[in-house]
$ cat coords.tsv   # TSV, C-alpha atoms
chain	number	residue	atom	x	y	z
G	1	MET	CA	38.36	7.15	-11.65
G	2	LYS	CA	37.33	3.52	-11.07
G	3	ARG	CA	34.26	4.66	-9.11
G	4	GLY	CA	33.18	6.86	-12.01
G	5	LYS	CA	33.74	4.02	-14.47
G	6	ARG	CA	31.66	1.61	-12.38
G	7	PHE	CA	28.86	4.15	-11.96
G	8	GLY	CA	28.96	4.89	-15.69
G	9	SER	CA	28.70	1.16	-16.39
G	10	ALA	CA	25.66	0.89	-14.10
G	11	VAL	CA	24.05	3.88	-15.82
G	12	PHE	CA	24.74	2.31	-19.22
G	13	VAL	CA	23.03	-0.94	-18.19
G	14	SER	CA	20.02	0.85	-16.69
G	15	ILE	CA	19.48	3.12	-19.70
G	16	THR	CA	19.84	0.21	-22.13
G	17	ALA	CA	17.40	-1.89	-20.09
G	18	ILE	CA	14.88	0.97	-20.03
G	19	LEU	CA	15.13	1.48	-23.80
G	20	LEU	CA	14.76	-2.24	-24.49
G	21	GLY	CA	11.81	-2.45	-22.09
G	22	ILE	CA	10.11	0.46	-23.86
G	23	ALA	CA	10.77	-1.10	-27.26
G	24	PHE	CA	9.15	-4.41	-26.29
G	25	SER	CA	6.26	-2.54	-24.64
G	26	PHE	CA	5.68	-0.74	-27.94
G	27	ILE	CA	5.15	-4.14	-29.55
G	28	LEU	CA	2.55	-5.09	-26.93
G	29	ILE	CA	0.78	-1.74	-27.32
G	30	ALA	CA	0.71	-2.12	-31.11
G	31	LEU	CA	-1.09	-5.45	-30.67
G	32	THR	CA	-3.95	-3.58	-28.97
G	33	GLY	CA	-4.43	-1.42	-32.05
G	34	VAL	CA	-3.18	1.79	-30.44
G	35	SER	CA	-0.29	3.84	-31.81
G	36	PRO	CA	2.78	3.15	-29.62
G	37	LEU	CA	4.00	6.74	-30.00
G	38	LYS	CA	0.62	8.11	-28.91
G	39	ALA	CA	0.56	5.72	-25.97
G	40	PHE	CA	4.07	6.74	-24.95
G	41	LYS	CA	3.13	10.42	-25.09
G	42	VAL	CA	0.05	9.76	-22.94
G	43	LEU	CA	2.14	7.69	-20.50
G	44	VAL	CA	4.71	10.48	-20.08
G	45	SER	CA	2.09	13.22	-19.68
G	46	GLY	CA	0.19	11.10	-17.15
G	47	ALA	CA	3.39	10.58	-15.16
G	48	PHE	CA	5.26	13.88	-15.41
G	49	GLY	CA	2.69	16.33	-16.78
G	50	PHE	CA	1.67	19.75	-15.44
G	51	SER	CA	-2.03	19.67	-16.24
G	52	GLY	CA	-5.04	19.57	-13.94
G	53	LYS	CA	-5.65	20.79	-10.42
G	54	VAL	CA	-3.02	18.42	-9.06
G	55	TRP	CA	-0.11	17.96	-11.45
G	56	PRO	CA	0.68	14.32	-12.31
G	57	LEU	CA	4.34	15.13	-11.65
G	58	LEU	CA	3.58	15.95	-8.02
G	59	ILE	CA	1.59	12.73	-7.59
G	60	THR	CA	4.54	10.81	-9.04
G	61	LEU	CA	6.95	12.46	-6.62
G	62	GLY	CA	4.65	11.61	-3.72
G	63	GLN	CA	4.37	7.97	-4.78
G	64	SER	CA	8.13	7.71	-5.20
G	65	THR	CA	8.79	8.42	-1.50
G	66	PRO	CA	8.39	4.85	-0.17
G	67	LEU	CA	10.23	3.51	-3.22
G	68	ILE	CA	13.21	5.77	-2.48
G	69	LEU	CA	13.36	4.63	1.15
G	70	THR	CA	12.91	0.91	0.48
G	71	GLY	CA	15.37	1.21	-2.42
G	72	LEU	CA	17.96	2.72	-0.07
G	73	ALA	CA	17.24	-0.09	2.39
G	74	ALA	CA	17.97	-2.75	-0.24
G	75	MET	CA	21.00	-0.81	-1.44
G	76	TYR	CA	22.69	-1.02	1.96
G	77	GLY	CA	22.36	-4.79	1.95
G	78	PHE	CA	23.82	-5.03	-1.56
G	79	ARG	CA	26.74	-2.84	-0.49
G	80	VAL	CA	27.92	-5.45	2.04
G	81	GLY	CA	27.26	-8.38	-0.27
G	82	VAL	CA	24.01	-9.45	1.42
G	83	PHE	CA	21.05	-10.04	-0.91
G	84	CYS	CA	18.42	-9.37	1.72
G	85	ILE	CA	14.81	-9.23	0.51
G	86	ALA	CA	13.21	-8.60	3.91
G	87	GLN	CA	12.38	-4.94	3.16
G	88	GLU	CA	8.69	-5.83	2.91
G	89	GLY	CA	8.59	-7.13	6.49
G	90	GLN	CA	10.61	-4.20	7.80
G	91	TYR	CA	8.29	-1.79	6.00
G	92	VAL	CA	5.25	-3.51	7.55
G	93	PHE	CA	6.62	-3.45	11.10
G	94	GLY	CA	7.54	0.21	10.78
G	95	ALA	CA	3.98	0.98	9.68
G	96	VAL	CA	2.45	-1.12	12.47
G	97	MET	CA	4.63	0.63	15.05
G	98	ALA	CA	3.59	4.05	13.73
G	99	ALA	CA	-0.12	3.20	13.77
G	100	TRP	CA	0.00	1.60	17.23
G	101	LEU	CA	1.93	4.41	18.90
G	102	GLY	CA	-0.22	7.01	17.14
G	103	ILE	CA	-3.26	5.50	18.82
G	104	GLN	CA	-1.81	4.59	22.21
G	105	LEU	CA	0.48	7.49	23.09
G	106	ASN	CA	-0.88	10.64	24.65
G	107	LEU	CA	1.83	13.24	24.18
G	108	PRO	CA	1.96	16.67	22.56
G	109	PRO	CA	2.21	16.34	18.75
G	110	TYR	CA	5.65	17.99	18.65
G	111	LEU	CA	6.90	15.12	20.82
G	112	MET	CA	4.75	12.31	19.46
G	113	VAL	CA	5.80	12.62	15.84
G	114	PRO	CA	9.57	12.31	16.53
G	115	VAL	CA	8.91	9.46	18.97
G	116	ILE	CA	6.79	7.59	16.41
G	117	ILE	CA	9.39	8.07	13.67
G	118	ALA	CA	12.24	6.93	15.94
G	119	ALA	CA	10.27	3.89	17.11
G	120	SER	CA	9.42	2.89	13.53
G	121	ILE	CA	13.08	3.16	12.52
G	122	LEU	CA	14.03	1.03	15.55
G	123	ALA	CA	11.37	-1.58	14.75
G	124	GLY	CA	12.50	-1.87	11.13
G	125	GLY	CA	16.16	-1.87	12.14
G	126	LEU	CA	15.75	-4.65	14.68
G	127	TYR	CA	13.78	-6.70	12.18
G	128	GLY	CA	16.56	-6.09	9.67
G	129	LEU	CA	19.12	-7.44	12.13
G	130	ILE	CA	17.52	-10.89	12.16
G	131	PRO	CA	18.61	-12.07	8.68
G	132	GLY	CA	22.00	-10.45	9.31
G	133	LEU	CA	22.50	-12.35	12.56
G	134	LEU	CA	21.33	-15.62	11.01
G	135	LYS	CA	23.81	-15.18	8.17
G	136	VAL	CA	26.95	-14.14	10.06
G	137	LYS	CA	26.41	-16.36	13.10
G	138	LEU	CA	24.75	-19.48	11.69
G	139	GLY	CA	25.42	-19.24	7.96
G	140	VAL	CA	21.70	-19.20	7.10
G	141	ASN	CA	21.01	-18.04	3.54
G	142	GLU	CA	19.62	-14.51	3.76
G	143	ILE	CA	17.13	-15.04	0.93
G	144	ILE	CA	15.44	-17.96	2.70
G	145	SER	CA	15.33	-16.19	6.06
G	146	SER	CA	14.04	-13.00	4.42
G	147	ILE	CA	11.15	-14.83	2.75
G	148	MET	CA	10.13	-16.34	6.06
G	149	LEU	CA	10.40	-13.01	7.85
G	150	ASN	CA	8.24	-11.32	5.22
G	151	ASN	CA	5.54	-13.95	5.69
G	152	ILE	CA	5.70	-13.54	9.46
G	153	ALA	CA	5.35	-9.78	9.17
G	154	THR	CA	2.38	-10.03	6.80
G	155	LEU	CA	0.56	-12.50	9.07
G	156	ALA	CA	1.35	-10.38	12.14
G	157	LEU	CA	-0.10	-7.34	10.35
G	158	GLU	CA	-3.33	-9.16	9.52
G	159	TYR	CA	-3.74	-10.33	13.12
G	160	LEU	CA	-2.97	-6.98	14.75
G	161	VAL	CA	-5.29	-5.05	12.45
G	162	ALA	CA	-8.08	-7.60	12.73
G	163	PHE	CA	-8.03	-7.76	16.53
G	164	PRO	CA	-6.02	-5.43	18.86
G	165	LEU	CA	-5.96	-2.39	16.56
G	166	ARG	CA	-9.36	-2.82	14.92
G	167	ALA	CA	-11.48	0.31	15.15
G	168	ASP	CA	-14.93	-1.02	14.18
G	169	ALA	CA	-16.80	-4.08	12.99
G	170	GLY	CA	-16.84	-3.01	9.35
G	171	GLN	CA	-16.25	-5.34	6.43
G	172	LYS	CA	-12.59	-4.29	6.13
G	173	ALA	CA	-10.43	-4.49	9.23
G	174	GLN	CA	-8.64	-1.21	9.89
G	175	SER	CA	-7.36	0.86	12.79
G	176	ALA	CA	-8.72	4.17	13.98
G	177	VAL	CA	-7.66	7.29	12.08
G	178	LEU	CA	-4.75	9.06	13.73
G	179	ASP	CA	-5.24	12.50	15.21
G	180	GLN	CA	-4.86	15.09	12.47
G	181	ALA	CA	-2.16	16.85	14.48
G	182	LEU	CA	0.09	13.83	13.76
G	183	TRP	CA	-0.34	13.98	9.98
G	184	LEU	CA	2.73	14.98	8.02
G	185	PRO	CA	1.80	17.98	5.84
G	186	GLN	CA	1.46	17.73	2.07
G	187	PHE	CA	2.64	20.61	-0.10
G	188	VAL	CA	-0.30	20.16	-2.49
G	189	LYS	CA	-3.42	18.53	-1.11
G	190	GLY	CA	-4.22	15.23	-2.79
G	191	SER	CA	-0.76	14.78	-4.30
G	192	ARG	CA	0.92	12.79	-1.47
G	193	TRP	CA	3.93	15.04	-2.13
G	194	GLY	CA	5.00	16.53	1.16
G	195	ILE	CA	7.46	16.51	4.03
G	196	SER	CA	8.03	12.77	3.70
G	197	PHE	CA	9.47	13.31	0.20
G	198	VAL	CA	11.89	15.93	1.55
G	199	ILE	CA	12.97	13.50	4.28
G	200	ALA	CA	13.60	10.82	1.64
G	201	ILE	CA	15.75	13.18	-0.46
G	202	LEU	CA	17.75	14.22	2.60
G	203	LEU	CA	18.40	10.56	3.36
G	204	VAL	CA	19.62	10.03	-0.21
G	205	ILE	CA	22.19	12.79	0.31
G	206	LEU	CA	23.16	11.51	3.76
G	207	SER	CA	23.54	7.98	2.38
G	208	TYR	CA	25.91	9.23	-0.31
G	209	LEU	CA	28.00	11.12	2.26
G	210	TYR	CA	28.03	8.13	4.61
G	211	ILE	CA	29.07	5.61	1.95
G	212	TRP	CA	31.88	7.65	0.39
G	213	LYS	CA	32.92	10.19	3.01
G	214	THR	CA	33.02	8.31	6.32
G	215	PRO	CA	35.11	5.47	7.79
G	216	GLY	CA	31.95	3.41	8.30
G	217	GLY	CA	31.09	3.73	4.63
G	218	TYR	CA	34.63	2.72	3.65
G	219	GLU	CA	34.36	-0.40	5.82
G	220	MET	CA	31.02	-1.23	4.27
G	221	ARG	CA	32.36	-0.96	0.73
G	222	MET	CA	35.44	-3.04	1.54
G	223	VAL	CA	33.40	-5.80	3.17
G	224	GLY	CA	31.11	-5.95	0.13
G	225	LYS	CA	33.76	-5.81	-2.60
G	226	ALA	CA	36.88	-7.34	-1.03
G	227	PRO	CA	36.00	-9.33	2.11
G	228	MET	CA	39.45	-10.94	2.37
G	229	PHE	CA	41.17	-7.57	2.05
G	230	ALA	CA	38.82	-6.15	4.70
G	231	ARG	CA	39.63	-9.01	7.06
G	232	TYR	CA	43.39	-8.62	6.68
G	233	GLY	CA	42.95	-4.87	7.05
G	234	GLY	CA	41.49	-5.34	10.52
G	235	ILE	CA	37.89	-4.59	9.60
G	236	LYS	CA	35.43	-6.59	11.68
G	237	SER	CA	33.20	-7.82	8.88
G	238	GLU	CA	30.46	-9.28	11.06
G	239	ARG	CA	30.00	-6.01	12.93
G	240	VAL	CA	29.91	-4.06	9.67
G	241	VAL	CA	27.29	-6.38	8.18
G	242	LEU	CA	25.06	-6.14	11.25
G	243	ARG	CA	25.39	-2.37	11.42
G	244	THR	CA	24.53	-2.04	7.76
G	245	MET	CA	21.56	-4.39	8.01
G	246	PHE	CA	20.21	-2.33	10.91
G	247	ILE	CA	20.53	0.88	8.88
G	248	GLY	CA	18.77	-0.71	5.91
G	249	GLY	CA	15.99	-2.11	8.07
G	250	GLY	CA	15.55	1.26	9.75
G	251	LEU	CA	15.08	2.96	6.38
G	252	ALA	CA	12.44	0.42	5.35
G	253	GLY	CA	10.69	0.90	8.70
G	254	LEU	CA	10.77	4.64	8.13
G	255	ALA	CA	9.09	4.11	4.74
G	256	GLY	CA	6.19	2.39	6.50
G	257	CYS	CA	6.00	5.19	9.04
G	258	MET	CA	5.94	7.86	6.31
G	259	GLU	CA	3.05	6.10	4.61
G	260	ILE	CA	1.03	6.04	7.84
G	261	LEU	CA	1.74	9.60	8.96
G	262	GLY	CA	1.86	11.17	5.51
G	263	ASN	CA	-0.77	9.36	3.44
G	264	TYR	CA	-3.07	6.72	4.94
G	265	HIS	CA	-3.25	7.99	8.55
G	266	ARG	CA	-4.34	4.49	9.61
G	267	ILE	CA	-3.36	0.91	8.94
G	268	MET	CA	-5.57	-1.73	7.37
G	269	THR	CA	-5.54	-5.28	6.06
G	270	GLY	CA	-3.73	-5.46	2.77
G	271	PHE	CA	-1.53	-2.49	3.69
G	272	SER	CA	1.48	-4.50	2.56
G	273	SER	CA	1.36	-3.78	-1.17
G	274	GLY	CA	4.73	-5.07	-2.34
G	275	LEU	CA	6.61	-1.79	-1.85
G	276	GLY	CA	9.38	-3.63	-0.06
G	277	PHE	CA	9.95	-5.89	-3.06
G	278	ASP	CA	9.77	-2.88	-5.35
G	279	GLY	CA	12.69	-1.45	-3.37
G	280	LEU	CA	14.82	-4.36	-4.58
G	281	SER	CA	14.05	-3.44	-8.19
G	282	VAL	CA	14.87	0.19	-7.50
G	283	ALA	CA	18.22	-0.68	-5.90
G	284	MET	CA	19.17	-3.00	-8.76
G	285	LEU	CA	18.21	-0.55	-11.50
G	286	GLY	CA	19.87	2.29	-9.61
G	287	GLY	CA	23.20	0.49	-9.53
G	288	SER	CA	23.18	0.43	-5.69
G	289	HIS	CA	23.96	4.15	-5.75
G	290	PRO	CA	21.87	6.59	-3.64
G	291	PHE	CA	21.25	9.04	-6.47
G	292	GLY	CA	20.58	6.19	-8.88
G	293	VAL	CA	18.01	4.84	-6.42
G	294	MET	CA	16.31	8.25	-6.24
G	295	LEU	CA	16.07	8.64	-10.02
G	296	VAL	CA	14.87	5.09	-10.64
G	297	ALA	CA	12.27	5.36	-7.85
G	298	ILE	CA	10.81	8.47	-9.49
G	299	LEU	CA	10.89	6.75	-12.89
G	300	LEU	CA	9.09	3.60	-11.69
G	301	ALA	CA	6.52	5.65	-9.77
G	302	GLY	CA	5.99	7.67	-12.94
G	303	ILE	CA	5.47	4.56	-15.08
G	304	ARG	CA	2.78	3.29	-12.72
G	305	GLN	CA	1.16	6.68	-12.43
G	306	GLY	CA	1.21	7.22	-16.19
G	307	ALA	CA	-0.20	3.74	-16.83
G	308	GLN	CA	-3.13	4.47	-14.51
G	309	LEU	CA	-3.89	8.12	-15.32
G	310	GLY	CA	-2.86	8.03	-18.96
G	311	LEU	CA	-3.10	4.61	-20.58
G	312	GLN	CA	-6.09	3.22	-18.68
G	313	ILE	CA	-8.24	6.35	-18.47
G	314	ASN	CA	-7.47	7.95	-21.83
G	315	LEU	CA	-6.65	5.01	-24.11
G	316	LYS	CA	-8.47	2.15	-22.33
G	317	ILE	CA	-5.22	0.18	-22.16
G	318	PRO	CA	-5.00	-1.89	-18.94
G	319	ARG	CA	-2.80	-0.20	-16.33
G	320	GLU	CA	-1.08	-3.55	-15.79
G	321	LEU	CA	0.97	-2.66	-18.85
G	322	GLY	CA	2.96	-0.38	-16.56
G	323	GLY	CA	3.84	-3.40	-14.45
G	324	VAL	CA	4.80	-5.30	-17.61
G	325	LEU	CA	7.12	-2.45	-18.62
G	326	ILE	CA	8.79	-2.46	-15.19
G	327	ALA	CA	9.15	-6.25	-15.34
G	328	LEU	CA	10.76	-6.02	-18.78
G	329	ILE	CA	13.23	-3.42	-17.54
G	330	ILE	CA	14.20	-5.64	-14.60
G	331	PHE	CA	14.51	-8.63	-16.95
G	332	PHE	CA	16.92	-6.76	-19.22
G	333	VAL	CA	18.99	-5.62	-16.24
G	334	ALA	CA	19.26	-9.22	-15.05
G	335	THR	CA	20.29	-10.44	-18.53
G	336	GLU	CA	22.81	-7.69	-19.29
G	337	ASN	CA	25.54	-10.23	-20.11
G	338	VAL	CA	23.49	-11.41	-23.10
G	339	TYR	CA	23.11	-8.10	-24.92
G	340	ARG	CA	25.83	-5.92	-23.41
G	341	PRO	CA	28.71	-7.08	-25.69
G	342	VAL	CA	26.53	-6.47	-28.76
G	343	VAL	CA	25.47	-3.01	-27.62
G	344	GLU	CA	29.03	-2.03	-26.67
G	345	MET	CA	30.39	-3.26	-30.01
G	346	THR	CA	27.69	-1.34	-31.89
G	347	CYS	CA	28.40	1.84	-29.94
G	348	LYS	CA	32.12	1.43	-30.60
G	349	LYS	CA	31.56	1.00	-34.35
G	350	VAL	CA	29.29	4.06	-34.49
G	351	SER	CA	31.84	6.09	-32.52
G	352	ASN	CA	34.68	5.00	-34.82
G	353	PHE	CA	32.58	5.86	-37.88
G	354	PHE	CA	31.96	9.40	-36.68
G	355	GLN	CA	35.61	9.84	-35.69
G	356	ARG	CA	36.76	8.74	-39.16
G	357	SER	CA	34.19	11.00	-40.81
G	358	TYR	CA	35.34	13.95	-38.71
G	359	LYS	CA	39.02	13.28	-39.58
G	360	ASN	CA	38.20	13.02	-43.29
G	361	ILE	CA	36.27	16.30	-43.27
G	362	ARG	CA	39.01	18.01	-41.28
G	363	GLY	CA	41.68	16.65	-43.66
G	364	LYS	CA	39.81	17.94	-46.71
G	365	LYS	CA	39.49	21.39	-45.17
G	366	GLU	CA	43.21	21.51	-44.35
G	367	SER	CA	44.19	20.39	-47.88
G	368	ALA	CA	41.85	22.96	-49.41
G	369	GLN	CA	43.58	25.72	-47.41
$ encode --input "coords.tsv" --output "structure tokens"
Amino acid sequence: MKRGKRFGSAVFVSITAILLGIAFSFILIALTGVSPLKAFKVLVSGAFGFSGKVWPLLITLGQSTPLILTGLAAMYGFRVGVFCIAQEGQYVFGAVMAAWLGIQLNLPPYLMVPVIIAASILAGGLYGLIPGLLKVKLGVNEIISSIMLNNIATLALEYLVAFPLRADAGQKAQSAVLDQALWLPQFVKGSRWGISFVIAILLVILSYLYIWKTPGGYEMRMVGKAPMFARYGGIKSERVVLRTMFIGGGLAGLAGCMEILGNYHRIMTGFSSGLGFDGLSVAMLGGSHPFGVMLVAILLAGIRQGAQLGLQINLKIPRELGGVLIALIIFFVATENVYRPVVEMTCKKVSNFFQRSYKNIRGKKESAQ
């Protein structure tokens, strides 16, 4: 009962934040001289439409894959009370591992692909352990250590792509293209929607089962919500935190691997595009719930896709407006304590009004009989 109430509360905050973000975006759109309703219709059709050779919906689903995985990675940290923002670095190291092994290994594809995926998960997981170890052993703030680790990962990526992994002397440093036998198949060519999306959805389901149906998930929830209770209950909090940070890091590393094997098929400078930080937004908006993460990841991917395909191409509105909308949504989630009492009071008054109206109508019918 309490779990359902908490999840309902998280859903309430997310929906309210989305509606408020859309409302303020309407104001910005109106300032450009374009009808907000028309812009909203174009945004939705550009994100979740069924037109064209490649449906926008399928492109959105493909682009949501790394957001789902990095969102799950951040969610695990939140579940044990660790606000780790190192998903970007874990994502980068997973991608680097996938690109490097894809070039260096000489194994049959049916062996290479599982080896690459496992190695990327391990690389991300080990990188995720670092802020966990610094926190539980030395008391280092995880936000500070995460920022440093992200910078290290980004600089390491630039060096590795510019020198050891560089394929040619072109203007942009990039690695060689992986053998096509290593590419993860796409269901619709050009959509980025393929096996990697299915893997992400399976991990959403597995995460739900792990968190609420296993002893390890119970320990994780207790450490995050009631650390003193967990300690007196015999739960080894440090071990739980480290295990959870490894799982989260592994998921972020897998996201990088999926992007290399499923979409880019090589790594290049600038590969780190902020997807790790986007995972934080997804986890927050999703209420740190696996299914919430999945839905919010698809929504945010859709907003970006719709802003690019719909607003920019059709209405000449800068696609950055999609980023503004996402930022507004995050802002309203962070400031829920400001507007939540007002919204709840309004909803309560509206509900009471309808209940009174229903009773009055029912009473009149009964008296008439």
$ residues_around --input "coords.tsv" --residues "His289 in chain G" --least-positions-apart "5" --cutoff "10 Å" --atoms "only C-alpha atoms" --output "list in words"
Phe7, Ala10, Gly71, Leu72, Met75, Tyr76, Arg79, Val204, Ser207, Tyr208, Ile211, Ala283, Met284 and Met294 of chain G
$ atom_distance --input "coords.tsv" --atom1 "CA of Gly194 in chain G" --atom2 "CA of Phe93 in chain G"
22.4 Å
$ residues_around --input "coords.tsv" --residues "Leu182 in chain G" --least-positions-apart "6" --cutoff "12 Å" --atoms "all atoms listed in the file" --output "PDB file with C-alpha atoms, in the frame of the given file"
ATOM      1  CA  ALA G  98       3.590   4.050  13.730  1.00  0.00           C
ATOM      2  CA  ALA G  99      -0.120   3.200  13.770  1.00  0.00           C
ATOM      3  CA  LEU G 101       1.930   4.410  18.900  1.00  0.00           C
ATOM      4  CA  GLY G 102      -0.220   7.010  17.140  1.00  0.00           C
ATOM      5  CA  ILE G 103      -3.260   5.500  18.820  1.00  0.00           C
ATOM      6  CA  LEU G 105       0.480   7.490  23.090  1.00  0.00           C
ATOM      7  CA  ASN G 106      -0.880  10.640  24.650  1.00  0.00           C
ATOM      8  CA  LEU G 107       1.830  13.240  24.180  1.00  0.00           C
ATOM      9  CA  PRO G 108       1.960  16.670  22.560  1.00  0.00           C
ATOM     10  CA  PRO G 109       2.210  16.340  18.750  1.00  0.00           C
ATOM     11  CA  TYR G 110       5.650  17.990  18.650  1.00  0.00           C
ATOM     12  CA  LEU G 111       6.900  15.120  20.820  1.00  0.00           C
ATOM     13  CA  MET G 112       4.750  12.310  19.460  1.00  0.00           C
ATOM     14  CA  VAL G 113       5.800  12.620  15.840  1.00  0.00           C
ATOM     15  CA  PRO G 114       9.570  12.310  16.530  1.00  0.00           C
ATOM     16  CA  VAL G 115       8.910   9.460  18.970  1.00  0.00           C
ATOM     17  CA  ILE G 116       6.790   7.590  16.410  1.00  0.00           C
ATOM     18  CA  ILE G 117       9.390   8.070  13.670  1.00  0.00           C
ATOM     19  CA  CYS G 257       6.000   5.190   9.040  1.00  0.00           C
ATOM     20  CA  MET G 258       5.940   7.860   6.310  1.00  0.00           C
ATOM     21  CA  ILE G 260       1.030   6.040   7.840  1.00  0.00           C
ATOM     22  CA  LEU G 261       1.740   9.600   8.960  1.00  0.00           C
ATOM     23  CA  GLY G 262       1.860  11.170   5.510  1.00  0.00           C
ATOM     24  CA  ASN G 263      -0.770   9.360   3.440  1.00  0.00           C
ATOM     25  CA  TYR G 264      -3.070   6.720   4.940  1.00  0.00           C
ATOM     26  CA  HIS G 265      -3.250   7.990   8.550  1.00  0.00           C
ATOM     27  CA  ARG G 266      -4.340   4.490   9.610  1.00  0.00           C
TER      28      ARG G 266
END
$ closest_residue --input "coords.tsv" --among "G:Met268, G:Met228, G:Met345, G:Leu309" --to "Ala173 in chain G" --atoms "all atoms listed in the file"
G:Met268
$ closest_residue --input "coords.tsv" --among "G:Thr335, G:Thr244, G:Ser357, G:Thr60" --to "Gly302 in chain G" --atoms "only C-alpha atoms"
G:Thr60
$ closest_residue --input "coords.tsv" --among "G:Ile147, G:Val140, G:Ile130, G:Ile267" --to "Val161 in chain G" --atoms "all atoms listed in the file"
G:Ile267
$ atom_distance --input "coords.tsv" --atom1 "CA of Phe277 in chain G" --atom2 "CA of Gly89 in chain G"
9.7 Å
$ atom_distance --input "coords.tsv" --atom1 "CA of Pro227 in chain G" --atom2 "CA of Val338 in chain G"
28.2 Å
$ closest_atom_pairs --input "coords.tsv" --of "range 16-94 of chain G" --to "range 131-135 of chain G" --cutoff "9 Å" --atoms "only C-alpha atoms" --output "Markdown table"
| residue | atom | partner | partner_atom | distance |
| --- | --- | --- | --- | --- |
| G:Val82 | CA | G:Gly132 | CA | 8.2 |
| G:Cys84 | CA | G:Pro131 | CA | 7.5 |
| G:Ala86 | CA | G:Pro131 | CA | 8.0 |
$ closest_residue --input "coords.tsv" --among "G:Pro66, G:Lys41, G:Ser237, G:Thr269" --to "Lys137 in chain G" --atoms "all atoms listed in the file"
G:Ser237
$ closest_residue --input "coords.tsv" --among "G:Val296, G:Leu67, G:Val54, G:Leu149" --to "Phe197 in chain G" --atoms "all atoms listed in the file"
G:Leu67
$ residues_around --input "coords.tsv" --residues "Tyr210 in chain G" --least-positions-apart "2" --cutoff "12 Å" --atoms "only C-alpha atoms" --output "list in words"
Tyr76, Leu203, Val204, Ile205, Leu206, Ser207, Tyr208, Trp212, Lys213, Thr214, Pro215, Gly216, Gly217, Tyr218, Glu219, Met220, Arg221, Thr244, Ile247, His289 and Pro290 of chain G
